[in-house]
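With mmCIF, C-alpha atoms inside, this is work_8.cif:
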data_start
loop_
_atom_site.label_atom_id
_atom_site.label_comp_id
_atom_site.auth_asym_id
_atom_site.auth_seq_id
_atom_site.Cartn_x
_atom_site.Cartn_y
_atom_site.Cartn_z
CA SER A 1311 51.11 35.66 51.62
CA ALA A 1312 48.39 35.13 48.97
CA SER A 1313 49.32 33.05 45.93
CA PRO A 1314 49.25 34.69 42.51
CA PRO A 1315 45.96 34.27 40.57
CA PHE A 1316 47.59 32.32 37.73
CA LEU A 1317 48.73 29.67 40.21
CA CYS A 1318 45.17 29.21 41.49
CA ALA A 1319 43.85 28.81 37.96
CA ARG A 1320 46.52 26.23 37.17
CA SER A 1321 45.75 24.29 40.33
CA GLU A 1322 42.02 24.26 39.50
CA GLU A 1323 42.75 22.97 35.99
CA SER A 1324 44.93 20.17 37.39
CA MET A 1325 42.19 19.24 39.88
CA SER A 1326 39.56 19.06 37.12
CA SER A 1327 41.80 16.89 34.97
CA LEU A 1328 42.47 14.58 37.93
CA ARG A 1329 38.74 14.43 38.64
CA ASN A 1330 38.13 13.26 35.07
CA ALA A 1331 40.96 10.74 35.24
CA VAL A 1332 39.61 8.99 38.33
CA LYS A 1333 37.16 6.22 37.49
CA ARG A 1334 33.66 7.06 38.59
CA VAL A 1335 31.01 4.75 39.86
CA THR A 1336 28.63 3.56 37.14
CA HIS A 1337 25.09 3.81 38.43
CA LYS A 1338 23.15 0.98 36.84
CA GLU A 1339 19.39 0.71 36.84
CA ARG A 1340 18.08 -2.43 38.41
CA ALA A 1341 16.23 -5.07 36.46
CA GLN A 1342 12.76 -6.36 37.14
CA PRO A 1343 12.73 -8.40 40.38
CA ARG A 1344 12.11 -12.08 40.02
CA SER A 1345 8.87 -11.83 41.98
CA ARG A 1346 7.51 -9.29 39.45
CA ARG A 1347 8.64 -10.93 36.21
CA ARG A 1348 5.02 -11.62 35.31
CA PHE A 1349 4.60 -7.87 34.70
CA GLY A 1350 7.23 -7.87 31.93
CA LEU A 1351 10.39 -5.79 31.59
CA LEU A 1352 10.97 -2.98 34.05
CA GLU A 1353 10.76 0.42 32.40
CA LYS A 1354 14.07 2.29 32.45
CA HIS A 1355 14.58 6.04 32.43
CA GLN A 1356 15.36 6.07 28.70
CA ASP A 1357 12.12 4.22 27.98
CA TYR A 1358 10.21 6.73 30.10
CA VAL A 1359 11.80 9.66 28.22
CA GLU A 1360 10.75 8.26 24.83
CA ARG A 1361 7.23 7.53 26.06
CA ALA A 1362 6.92 11.00 27.61
CA ARG A 1363 8.14 12.73 24.44
CA ASP A 1364 5.65 10.79 22.34
CA HIS A 1365 2.84 11.63 24.77
CA HIS A 1366 3.73 15.34 24.76
CA LYS A 1367 3.94 15.40 20.98
CA LYS A 1368 0.45 13.94 20.61
CA ARG A 1369 -0.94 16.19 23.34
CA ASP A 1370 0.48 19.32 21.70
CA PHE A 1371 -0.88 18.25 18.32
CA LEU A 1372 -4.38 17.81 19.72
CA THR A 1373 -4.08 21.16 21.50
CA ARG A 1374 -3.22 22.90 18.23
CA LEU A 1375 -6.14 21.25 16.49
CA ARG A 1376 -8.55 22.32 19.23
CA ARG A 1377 -7.21 25.87 19.05
CA LYS A 1378 -7.69 25.95 15.27
CA ALA A 1379 -11.21 24.61 15.60
CA ALA A 1380 -12.06 27.18 18.29
CA LEU A 1381 -10.67 30.11 16.29
CA ARG A 1382 -12.12 29.01 12.96
CA ASN A 1383 -14.01 31.64 11.02
CA PRO A 1384 -17.26 30.17 9.61
CA ASP A 1385 -17.35 32.89 6.92
CA GLU A 1386 -13.84 32.14 5.74
CA PHE A 1387 -13.62 31.56 1.98
CA TYR A 1388 -10.89 30.56 -0.42
CA HIS A 1389 -11.22 30.23 -4.18
CA GLY A 1390 -9.90 26.69 -3.89
CA MET A 1391 -13.12 25.73 -2.08
CA VAL A 1392 -14.99 25.93 -5.38
CA HIS A 1393 -13.32 22.76 -6.67
CA THR A 1394 -13.41 20.78 -3.41
CA GLN A 1395 -16.03 18.89 -1.47
CA THR A 1396 -16.27 16.89 1.73
CA LYS A 1397 -17.33 13.28 1.88
CA ALA A 1398 -17.69 11.75 5.34
CA GLY A 1399 -15.77 14.70 6.74
CA VAL A 1400 -12.82 14.23 4.37
CA HIS A 1401 -11.93 16.84 1.74
CA GLU A 1402 -11.89 15.54 -1.80
CA LEU A 1403 -10.56 17.47 -4.76
CA ASP A 1404 -12.77 17.70 -7.82
CA ARG A 1405 -10.20 16.70 -10.42
CA ASP A 1406 -10.70 18.22 -13.83
CA ASP A 1407 -7.86 16.17 -15.29
CA ALA A 1408 -9.49 12.80 -14.56
CA ILE A 1409 -8.73 10.07 -17.10
CA ASP A 1410 -11.68 9.07 -19.26
CA THR A 1411 -12.82 5.49 -19.71
CA ASP A 1412 -11.30 5.04 -23.17
CA THR A 1413 -7.85 6.03 -21.92
CA VAL A 1414 -8.14 3.64 -18.98
CA GLN A 1415 -9.13 0.82 -21.33
CA LEU A 1416 -6.09 1.62 -23.49
CA LEU A 1417 -3.83 1.47 -20.42
CA LYS A 1418 -5.41 -1.85 -19.42
CA THR A 1419 -4.68 -3.15 -22.92
CA GLN A 1420 -1.04 -2.15 -22.54
CA ASP A 1421 -0.95 -3.89 -19.15
CA VAL A 1422 -2.33 -7.06 -20.73
CA ALA A 1423 0.31 -6.92 -23.47
CA TYR A 1424 3.11 -6.41 -20.91
CA LEU A 1425 1.91 -9.25 -18.69
CA SER A 1426 1.51 -11.58 -21.67
CA THR A 1427 5.05 -10.80 -22.83
CA ALA A 1428 6.47 -11.33 -19.32
CA LYS A 1429 4.63 -14.63 -18.97
CA ARG A 1430 5.85 -15.82 -22.37
CA LYS A 1431 9.46 -14.96 -21.49
CA GLU A 1432 9.25 -16.82 -18.18
CA GLU A 1433 7.74 -19.88 -19.87
CA GLU A 1434 10.60 -19.86 -22.40
CA LYS A 1435 13.17 -19.71 -19.59
CA ILE A 1436 11.40 -22.58 -17.80
CA ARG A 1437 11.50 -24.65 -20.99
CA ARG A 1438 15.24 -24.08 -21.35
CA LEU A 1439 15.87 -25.00 -17.72
CA ARG A 1440 13.91 -28.23 -18.10
CA GLU A 1441 15.79 -29.12 -21.25
CA GLY A 1442 19.08 -28.63 -19.36
CA LEU A 1443 18.00 -30.63 -16.34
CA HIS A 1444 15.88 -33.25 -18.15
CA ASP A 1445 14.16 -33.83 -14.79
CA ILE A 1446 16.43 -36.83 -14.30
CA SER A 1447 17.41 -36.32 -10.69
CA ALA A 1448 15.90 -34.07 -8.06
CA PRO A 1449 18.14 -32.48 -5.40
CA ASP A 1450 19.25 -34.63 -2.48
CA LYS A 1451 17.03 -32.67 -0.05
CA GLU A 1452 13.93 -33.60 -2.03
CA LYS A 1453 12.48 -37.00 -2.76
CA SER A 1454 12.99 -37.96 -6.38
CA THR A 1455 10.01 -39.28 -8.32
CA ALA A 1456 12.22 -41.05 -10.90
CA LYS A 1457 12.16 -44.86 -10.79
CA HIS A 1458 14.31 -47.56 -12.32
CA THR A 1459 12.39 -50.83 -12.67
CA LEU A 1460 14.27 -54.10 -13.17
CA PHE A 1461 12.72 -57.46 -14.03
CA VAL A 1462 13.97 -60.85 -12.86
CA ASP A 1463 12.98 -64.36 -13.86
CA SER A 1464 11.97 -65.84 -10.50
CA GLU A 1465 11.33 -65.15 -6.83
CA LYS A 1466 14.69 -66.71 -6.01
CA ASP A 1467 16.50 -64.17 -8.19
CA LEU A 1468 14.50 -61.37 -6.58
CA LYS A 1469 15.53 -62.40 -3.04
CA GLY A 1470 19.21 -62.65 -3.98
CA PHE A 1471 19.25 -59.53 -6.16
CA ASP A 1472 22.15 -57.15 -5.52
CA ALA A 1473 21.85 -53.72 -7.16
CA ALA A 1474 25.57 -52.96 -6.80
CA GLU A 1475 26.49 -56.24 -8.51
CA HIS A 1476 23.94 -55.65 -11.27
CA PHE A 1477 25.16 -52.11 -12.08
CA ASP A 1478 28.83 -53.09 -11.53
CA THR A 1479 29.49 -50.21 -9.15
CA ALA A 1480 30.17 -49.50 -5.50
CA PRO A 1481 27.26 -49.80 -3.03
CA GLU A 1482 27.64 -46.11 -2.17
CA LEU A 1483 26.91 -45.13 -5.78
CA VAL A 1484 23.80 -47.26 -6.31
CA GLY A 1485 21.40 -44.48 -5.31
CA ARG A 1486 22.72 -42.11 -7.96
CA ALA A 1487 20.75 -41.54 -11.13
CA PHE A 1488 23.77 -39.93 -12.81
CA ASN A 1489 27.55 -40.29 -12.90
CA ARG A 1490 27.42 -43.87 -11.63
CA THR A 1491 31.06 -44.97 -12.01
CA ARG A 1492 31.83 -48.64 -12.64
CA ARG A 1493 34.23 -50.68 -10.52
CA ALA A 1494 36.89 -50.87 -13.22
CA GLN A 1495 36.91 -47.09 -13.54
CA LEU A 1496 37.11 -46.73 -9.76
CA ALA A 1497 40.09 -49.07 -9.65
CA GLU A 1498 41.93 -47.07 -12.31
CA GLN A 1499 41.50 -43.78 -10.48
CA ASP A 1500 44.11 -42.82 -7.92
CA VAL A 1501 43.44 -41.07 -4.62
CA ALA A 1502 43.95 -37.57 -6.02
CA GLY A 1503 41.69 -38.34 -8.93
CA ALA A 1504 39.04 -39.68 -6.57
CA ASP A 1505 39.23 -36.48 -4.52
CA ASP A 1506 38.89 -34.38 -7.68
CA ALA A 1507 35.94 -36.47 -8.78
CA GLU A 1508 34.29 -36.01 -5.38
CA LYS A 1509 34.82 -32.23 -5.59
CA THR A 1510 33.39 -32.21 -9.10
CA LEU A 1511 30.43 -34.22 -7.91
CA ARG A 1512 29.76 -31.80 -5.05
CA SER A 1513 29.91 -28.84 -7.42
CA VAL A 1514 27.53 -30.63 -9.82
CA ARG A 1515 25.10 -31.30 -6.98
CA LYS A 1516 25.28 -27.69 -5.85
CA GLU A 1517 24.69 -26.37 -9.34
CA ARG A 1518 21.83 -28.83 -9.92
CA GLY A 1519 20.14 -27.77 -6.68
CA LYS A 1520 20.51 -24.12 -7.68
CA LYS A 1521 18.90 -24.82 -11.06
CA TYR A 1522 15.97 -26.65 -9.47
CA ARG A 1523 15.37 -23.77 -7.03
CA GLU A 1524 15.42 -21.34 -9.93
CA LEU A 1525 12.97 -23.56 -11.82
CA LYS A 1526 10.54 -23.61 -8.90
CA ALA A 1527 10.80 -19.83 -8.43
CA ARG A 1528 10.10 -19.20 -12.12
CA GLU A 1529 7.13 -21.59 -12.11
CA LYS A 1530 5.69 -19.74 -9.13
CA ARG A 1531 6.28 -16.41 -10.89
CA VAL A 1532 4.45 -17.66 -14.01
CA GLU A 1533 1.51 -18.67 -11.83
CA GLN A 1534 1.38 -15.22 -10.21
CA ILE A 1535 1.63 -13.44 -13.56
CA GLY A 1536 -1.18 -15.63 -14.90
CA LYS A 1537 -3.48 -14.68 -12.02
CA THR A 1538 -2.67 -10.99 -12.44
CA LEU A 1539 -3.33 -11.26 -16.16
CA GLU A 1540 -6.75 -12.80 -15.51
CA HIS A 1541 -7.64 -9.95 -13.13
CA VAL A 1542 -6.57 -7.25 -15.60
CA GLN A 1543 -8.45 -8.89 -18.47
CA THR A 1544 -11.58 -9.14 -16.32
CA GLN A 1545 -11.32 -5.46 -15.32
CA ARG A 1546 -10.90 -4.48 -18.98
CA LYS A 1547 -13.99 -6.44 -20.00
CA VAL A 1548 -16.06 -5.03 -17.13
CA MET A 1549 -15.20 -1.49 -18.21
CA GLY A 1550 -16.56 -2.20 -21.68
CA LYS A 1551 -20.09 -1.73 -22.93
CA GLY A 1552 -23.04 -3.98 -22.19
CA THR A 1553 -25.27 -4.87 -19.28
CA LYS A 1554 -23.57 -7.32 -16.96
CA ARG A 1555 -24.24 -9.09 -13.67
CA LYS A 1556 -21.79 -10.61 -11.22
CA ILE A 1557 -22.47 -14.30 -10.75
CA LYS A 1558 -19.48 -15.22 -8.58
CA SER A 1559 -17.18 -13.18 -6.35
CA ALA A 1560 -13.39 -13.35 -6.45
CA GLU A 1561 -11.90 -16.19 -4.43
CA ASP A 1562 -8.65 -18.19 -4.21
CA GLY A 1563 -6.81 -15.53 -6.21
CA LYS A 1564 -9.19 -15.85 -9.17
CA PRO A 1565 -11.13 -12.85 -10.49
CA ALA A 1566 -14.87 -12.44 -10.17
CA GLN A 1567 -17.13 -13.91 -12.84
CA TYR A 1568 -19.68 -11.84 -14.77
CA ARG A 1569 -22.47 -12.63 -17.18
CA TRP A 1570 -23.39 -10.19 -19.95
CA LYS A 1571 -26.87 -9.70 -21.31
CA ARG A 1572 -27.32 -11.10 -24.77
CA VAL A 1573 -27.71 -8.47 -27.47
CA ARG A 1574 -29.32 -9.28 -30.76
CA ALA A 1575 -27.04 -8.50 -33.68
CA LYS A 1576 -28.48 -6.14 -36.24
#
Give the structure from this file in structure tokens form.
Amino acid sequence: SASPPFLCARSEESMSSLRNAVKRVTHKERAQPRSRRRFGLLEKHQDYVERARDHHKKRDFLTRLRRKAALRNPDEFYHGMVHTQTKAGVHELDRDDAIDTDTVQLLKTQDVAYLSTAKRKEEEKIRRLREGLHDISAPDKEKSTAKHTLFVDSEKDLKGFDAAEHFDTAPELVGRAFNRTRRAQLAEQDVAGADDAEKTLRSVRKERGKKYRELKAREKRVEQIGKTLEHVQTQRKVMGKGTKRKIKSAEDGKPAQYRWKRVRAK
């Protein structure tokens, strides 16, 4: 006897769920063979799909452009064409709201004032950083230019000179230009205090290195602002009145140099 239809539907659903539960074989695409590695990576199907889509997109775009060019009406006219023109095949809009020369000079003056203020603020911050650091000790990663010169009486004293003995400190602390603890102070400190002092010293070094990096960054910023200020000032002068002639082109970040014709004062 034939089974009821609802039993067949239930059996099909159970079969589909079992089919999804069974692990399927993962078909992997092979890599480039070793003998063909000189040709680069082997293109996979996903790479081909992206390349094909890009190719079709460009092809369709060119097709639309050719269709527009073929169906173009040479007698077509729009009122917007009155205020436009073509230069080297490119449409340019004849702007009626163009800024006059006086307004541009005023804007350049404001730019000069802004750049001068920014440069002055950066120089003030640099001065404060230098006052805090005193340039006494560069970071450990950089070679310090500070020197400590000692004088002795004879060559014999020079040969037997001991810096640790002279500064009354441990040999490990001789290279420091700051926080050079004496032997008596080291003897008074216990182990915990020595560990705290070492932690404090590491934090001081870290903070000092951070300050020196900030100082270098601000000095570089001041240099960039100075160059930009020179360019803006030169542009402002060139836009002014008078006959001028360029005598030197811009190079090494410096603006071009001009020479104005002398005008007799009335």
Original post:
Between atom CA of Lys1509 of chain A and atom CA of Lys1457 of chain A, what is the distance, to one decimal in Å?
Top reply: 26.5 Å
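Taking atom CA of Arg1440 of chain A and atom CA of Lys1521 of chain A as endpoints, the distance between them is 9.3 Å.
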Neighbour list for segment 1419-1432 of chain A as a short mmCIF file (atom, residue, chain, number, x, y, z; two decimals) with C-alpha atoms, in the coordinates of the input, cut-off 7 Å, only C-alpha atoms, skip fewer than 6 positions in-chain:
data_model
loop_
_atom_site.label_atom_id
_atom_site.label_comp_id
_atom_site.auth_asym_id
_atom_site.auth_seq_id
_atom_site.Cartn_x
_atom_site.Cartn_y
_atom_site.Cartn_z
CA ARG A 1528 10.10 -19.20 -12.12
CA VAL A 1532 4.45 -17.66 -14.01
CA ILE A 1535 1.63 -13.44 -13.56
CA LEU A 1539 -3.33 -11.26 -16.16
CA VAL A 1542 -6.57 -7.25 -15.60
CA GLN A 1543 -8.45 -8.89 -18.47
#
Original post:
Excluding same-chain residues fewer than 4 positions from Arg1555 of chain A, what lies within 10 Å of it counting only C-alpha atoms, as a PyMOL selection string?
Top reply: chain A and resi 1548+1567-1571
**OP:** Give the answer as one residue: which of A:Lys1526, A:His1541, A:Arg1546, A:Arg1361 has the shortest atom-to-atom distance to Leu1417 of chain A, using only C-alpha atoms?
**Re:** A:Arg1546
**OP:** Using all atoms listed in the file, collect all residues at a distance of at most 12 Å from (-10.6, -19.1, -11.1) as written in the file, then present them as a PyMOL selection string.
**Re:** chain A and resi 1536-1541+1544+1558-1567
**OP:** Carefully work through the PyMOL selection byres ((chain A and resi 1354) around 10) for this structure and note down the residues it includes, as a ChimeraX atom specification.
**Re:** /A:1339-1342,1351-1353,1355-1359
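We find atom CA of Gln1495 of chain A and atom CA of Ala1480 of chain A to be spaced 10.8 Å apart.
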